[in-house]
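Asks: I'd like to ask you about the structure that follows.
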Amino acid sequence: MAVKLFNWHSRRAQLSRYGRHISTWVTLIEFSVVLLIGLGIGGLLLGLSVGWALIGVMAVPLMVAYWYWYELHMVPREEDTHTIDARMDSDLLALLGSQPTPKDIALALLKVNSGVFFDVRFGVGGRFLKEVASENREDTPVIFEEALRIASQLDGRVSGGVIIVAMVRQLSARDTLLGHLQLTEEDLMRGVKWYHYLDEMIQQRGKRKRSGGIGRDWSFGWIPTLSHFGVNISTSGTVSRGEVRPELVEQLMGTLGSGGGTIALVGRDGVGKTELVYELAAKLIGPDTKTPKDLWYQQIFMLDASRLLSVGGQRGRVEQLVSTVLGEAYAAKNVIVCFDNAELFFEEGVGSVDITSQLLPIVEAGRLRMILAINEQKFLSISKRTPALVAAMNKVMVAPTDESDTMKVLEDHIPGVEYKRKVTYMYQALKETYSLSQRYVYDLAMPGQAVRLMEQAAEYADNGLVTSRSVQLAVERATGIKAGTADDVAEKETLLNLEGLLHQRMIGQERAIQVVSDALRRARSGVRNQGRPVGTFLFLGPTGVGKTELAKSLAEVYFGGEDTMIRLDMNEFVSADDVQRLIADGADDPGSLTAQVMKRPFSVVLLDEIEKAHSSVLTTLLQLLDEGILRDVRGREISFRDCVVIATSNAGADRIQEYITRGYALAQFEENFINELIGSHVFHPEFLNRFDEMVVFGPLTKEQLLKVVDLMLVGVNKNLAGQKITVSVSDDAKEYLVEAGYDPRLGARPMRRVVQRAVENTVAKLLLSNEAAPGSTIEITRDQVEEMLSSRLKADTLAEENK
Amino acid sequence: MFLVGLVSWWYGKGWLTHLHKVGDRLLGTLDFFSVGQLASTLFAPFRQISAGTSGDASLGGKVRALFDQLLSRAIGALIRGTTILIGSIAIVLQALYDGIVLVLWWLVPLFPIVGFILMAIGWVPTWQ
């Protein structure tokens, strides 16, 4: 290999190898220093001159120990040299031979922290690479060149991570590998940056930070009340690396530095307002050149709302305390007061606290520096109620973070969570956390949404490792949805036999069952569009042909029970005002569509008789059908992306009947019928276009109705199973039931009533007259059915006449 | 080779690195005692505790407030002055210690030779 690319004999490479050899002995070397000094002094005390020699010899291990800790344990990079030995981490460099093959490099990666980091966090490291790397040393220069190229795009450092990315790029099957691991090259690059940041943080750990010393406190004021009710966050530090929204921190410093005043940090819950204040506090207590001199060593005290409010037994006590606290802060001259969750201090009503009147003159005077972290809605209500207060404050809006910044926040939070929960997160878990939290964690904005889910996922760690599956499990347990793809044998079986299972409850309507089954299979195998609901269907047809029954069957067979079906009768949404009811907040109307889906995101949503809904309601539903999202009145995005949305309509039922009467089969007229429906303007074309499928349900044939009777009898027998009685209905009796129960206008709907009258009533009478004993089979004949139905008919006629 | 590397590092980069560390330590101590800040606020009221006169503008009240202020400033000056004194002593002592170590640093490689010479001479300190 060319020396200009990798010089094994370079001084740095040599020092790295020294460091590696000494690292195993360093404790012993340090111990020998102490021992030699001890023995030397002891010898001198005993009058033995050999003590001098021992003390003198001690200098050698002492010098070696110093050399190790000052240089060899991490030999600094040579920034002005562009060879791999000048840039590579010394621990990895020390392990390389003079002519390493890619496999040798992979084996070395197994022994260094950066390699282990990638192995555990990404599943790509020495363990994997040693299996696929070549043993040809001619392949190594390409890897080193690639590594240097990658390093030049970052911070110039060739760590184990950089080498791993370079090696992965040389693999012919890299796309397959990364796809299998659910990673991209960009993820690996992010991983390199993450590792470099963590490593840097570890290196800085022991270094003392300057914070103004004891003079800082003795120069400023005495703040007993503020110390009691507030927390000095300047001393607690921040987990943030300061790369997320640095411009906002600078804006805060700029505003506070240019004469003080009050800042209102406004943003949705979870958006990171408090974290920003922590970052600001860290900047002020460890100032750099960008920090205005006025703010050096200013301390931020965060008022503990719960403690403050808990002592407010007497009326006006909290307001009095706030005045005292602010007075102390002003006198102290080095305190910035932060009201976290400031909305708690501006509540109206009996028993609540409102400090507006205390705050207004102070904010207007602008002499005390204050920060109010407050949510958007409360800020709006304050601005409506007390515009003068809001006008006197500097408003700083905090927007939710995007994916890249959210990932940084998660990376920053990981060390703390891992330490507390004794787990390790894979990078894939972080990616899954972002995408799932966006869909299933409501009430919080990014990055709070993702941080919450990340913490919950720790509960589902497998052998201490939090994987993307752990995150999916956390979501599944919390919401009932199936977040991952189908990997369970039973579930796969259900999906493959979905048609058969649905047909156990449904007779006929093969096409409808087919399209619904296909949609679910697409969803659970992971090939569907994730940005839409699982399936959106418009079921058209006359009443009593099984439209609603199919939705119920689907809910029971796949979603875990009929109660997972969310049913809305759209004839209750006939005016434009009803849109509000559709998207109402769960606290005001738990029956609203958005509230129900928020509670049960994995469900069948049945919009019954959709043609009766007002056009504004249909317009509202467009986004739901298109993107699987519906915003509620509070502006929260409610995800319908795990729902099957079924709308039913009787529109054109007469026309279907007409086609059937004229002898057309369903398949022959379905397309024509849908075109006619579009032309009839019952629905706008853009509404109909949003559905994945429009399925026409034809009237049931006589043979199908006979099967419906059989299904109903199965239900009757199930009810009687407890009494060990079986009911059997003769074939001619069944035919009679079909004749009596079928109505061209109402489809099979009257059938249940007829079966109830003819069969269930007969059985009930036999049971009460002890003519049927447990273990017996009741045979019901056509005559019995006829008699039962005709007596009922007579009774109905009599009742009608009496009226 | 190893010994040559060790000695050349000791008299070159090693000493400079140690010098940097000594400098950092001294700056840390200076920051801890924050002598500059204490000196600039030497006569300020202690912990900013001072009597106000807004409630009582009578001559007696004003005199009492003036007396309280003077007392607070005197206490502040005493405490800060003492801290400045202790801090200065600590900084000087630390600088002396580190200075000696920096000088001794140059002599450490000679310790084995000196040790063996002293052993050969056979002299040992006596404590009577």
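Residues are named by chain letter and number: chains run A, B, ... in the order of the structure tokens, numbers start at 1 in each chain, and ligands are numbered from 1 in the order shown.
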What are the DSSP helix (DSSP H, G or I) residues of stretch 3-96 of chain B, as a ChimeraX atom specification?
Replies: /B:3-33,35-40,46-48,59-96
Asks: I need the chain B residues near chain A as an NGL selection string; criterion: at most 6 Å, counting only C-alpha atoms.
Replies: :B and (31-34 or 38 or 47-48 or 111-112 or 115-116 or 119 or 122 or 124)
Asks: Using only C-alpha atoms, please write the residues we just selected to a file, as a PDB file, in the first residue's frame.
Replies:
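Wrote out.pdb, looks like this:
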```pdb
ATOM      1  CA  ASP B  31     -12.500  31.658  38.704  1.00  0.00           C
ATOM      2  CA  PHE B  32     -13.453  29.923  41.938  1.00  0.00           C
ATOM      3  CA  PHE B  33     -12.363  32.847  44.105  1.00  0.00           C
ATOM      4  CA  SER B  34     -13.409  35.352  41.388  1.00  0.00           C
ATOM      5  CA  LEU B  38     -15.155  40.564  44.413  1.00  0.00           C
ATOM      6  CA  ARG B  47     -26.033  40.213  49.318  1.00  0.00           C
ATOM      7  CA  GLN B  48     -27.674  43.447  48.119  1.00  0.00           C
ATOM      8  CA  PHE B 111      16.327  10.631  39.252  1.00  0.00           C
ATOM      9  CA  PRO B 112      17.535   7.079  38.492  1.00  0.00           C
ATOM     10  CA  GLY B 115      19.372   7.648  43.063  1.00  0.00           C
ATOM     11  CA  PHE B 116      22.024   5.128  42.126  1.00  0.00           C
ATOM     12  CA  MET B 119      23.000   4.595  46.936  1.00  0.00           C
ATOM     13  CA  GLY B 122      25.731   5.212  50.939  1.00  0.00           C
ATOM     14  CA  VAL B 124      21.172   8.376  54.207  1.00  0.00           C
TER      15      VAL B 124
END
```
Asks: Just the number, please: distance in Å from atom CA of A:Thr324 to atom CA of A:Pro224, one decimal.
Replies: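 One can read the atom CA of A:Thr324 to atom CA of A:Pro224 distance as 10.0 Å.
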Asks: Could you tell me how far atom CA of A:Thr140 lies from atom CA of A:Arg157, in Å and to one decimal?
Replies: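 Computing the Euclidean distance for atom CA of A:Thr140 and atom CA of A:Arg157 yields 18.2 Å.
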Asks: If you count only C-alpha atoms, which residues fall within 9 Å of A:Met570, apart from same-chain ones fewer than 4 positions away, as a compact mmCIF listing (two decimals) with C-alpha atoms, in the first residue's frame?
Replies:
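So selection_20.txt came out as:
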```
# COMPACT_ATOMS: atom_id res chain seq x y z
CA VAL A 574 -77.20 17.07 7.83
CA LEU A 607 -70.00 6.17 7.91
CA ASP A 608 -73.54 4.92 7.43
CA GLU A 609 -75.84 6.49 4.86
CA ILE A 610 -73.18 8.92 3.70
CA GLU A 611 -75.45 10.45 1.06
CA LYS A 612 -77.49 12.09 3.82
CA ALA A 613 -74.54 14.10 5.20
CA HIS A 614 -74.22 17.82 4.44
```
Asks: Using only C-alpha atoms, determine which residues lie at most 9 Å from B:Val35, disregarding the query and same-chain residues fewer than 6 positions distant; provide the list as a PDB file with C-alpha atoms, in the first residue's frame.
Replies:
```pdb
ATOM      1  CA  GLY A 215     -17.686  35.918  44.104  1.00  0.00           C
TER       2      GLY A 215
ATOM      3  CA  ARG B  80     -15.191  40.118  50.309  1.00  0.00           C
ATOM      4  CA  THR B  83     -12.153  36.160  50.602  1.00  0.00           C
ATOM      5  CA  ILE B  84      -9.884  38.160  48.310  1.00  0.00           C
ATOM      6  CA  LEU B  85      -7.059  37.709  50.808  1.00  0.00           C
ATOM      7  CA  GLY B  87      -8.040  33.565  47.456  1.00  0.00           C
ATOM      8  CA  SER B  88      -4.860  35.487  46.718  1.00  0.00           C
TER       9      SER B  88
END
```
Asks: Mind pulling up the distance from atom CA of A:Pro447 to atom CA of A:Leu410?
Replies: 8.0 Å
Asks: Using only C-alpha atoms, which residues sit within 12 Å of B:Val101 once same-chain residues fewer than 4 positions away are excluded, as a list in words?
Replies: Trp15, His18, Leu19, Lys21, Val22, Gln94, Ala95, Leu96, Tyr97, Trp105, Trp106, Leu107 and Val108 of chain B
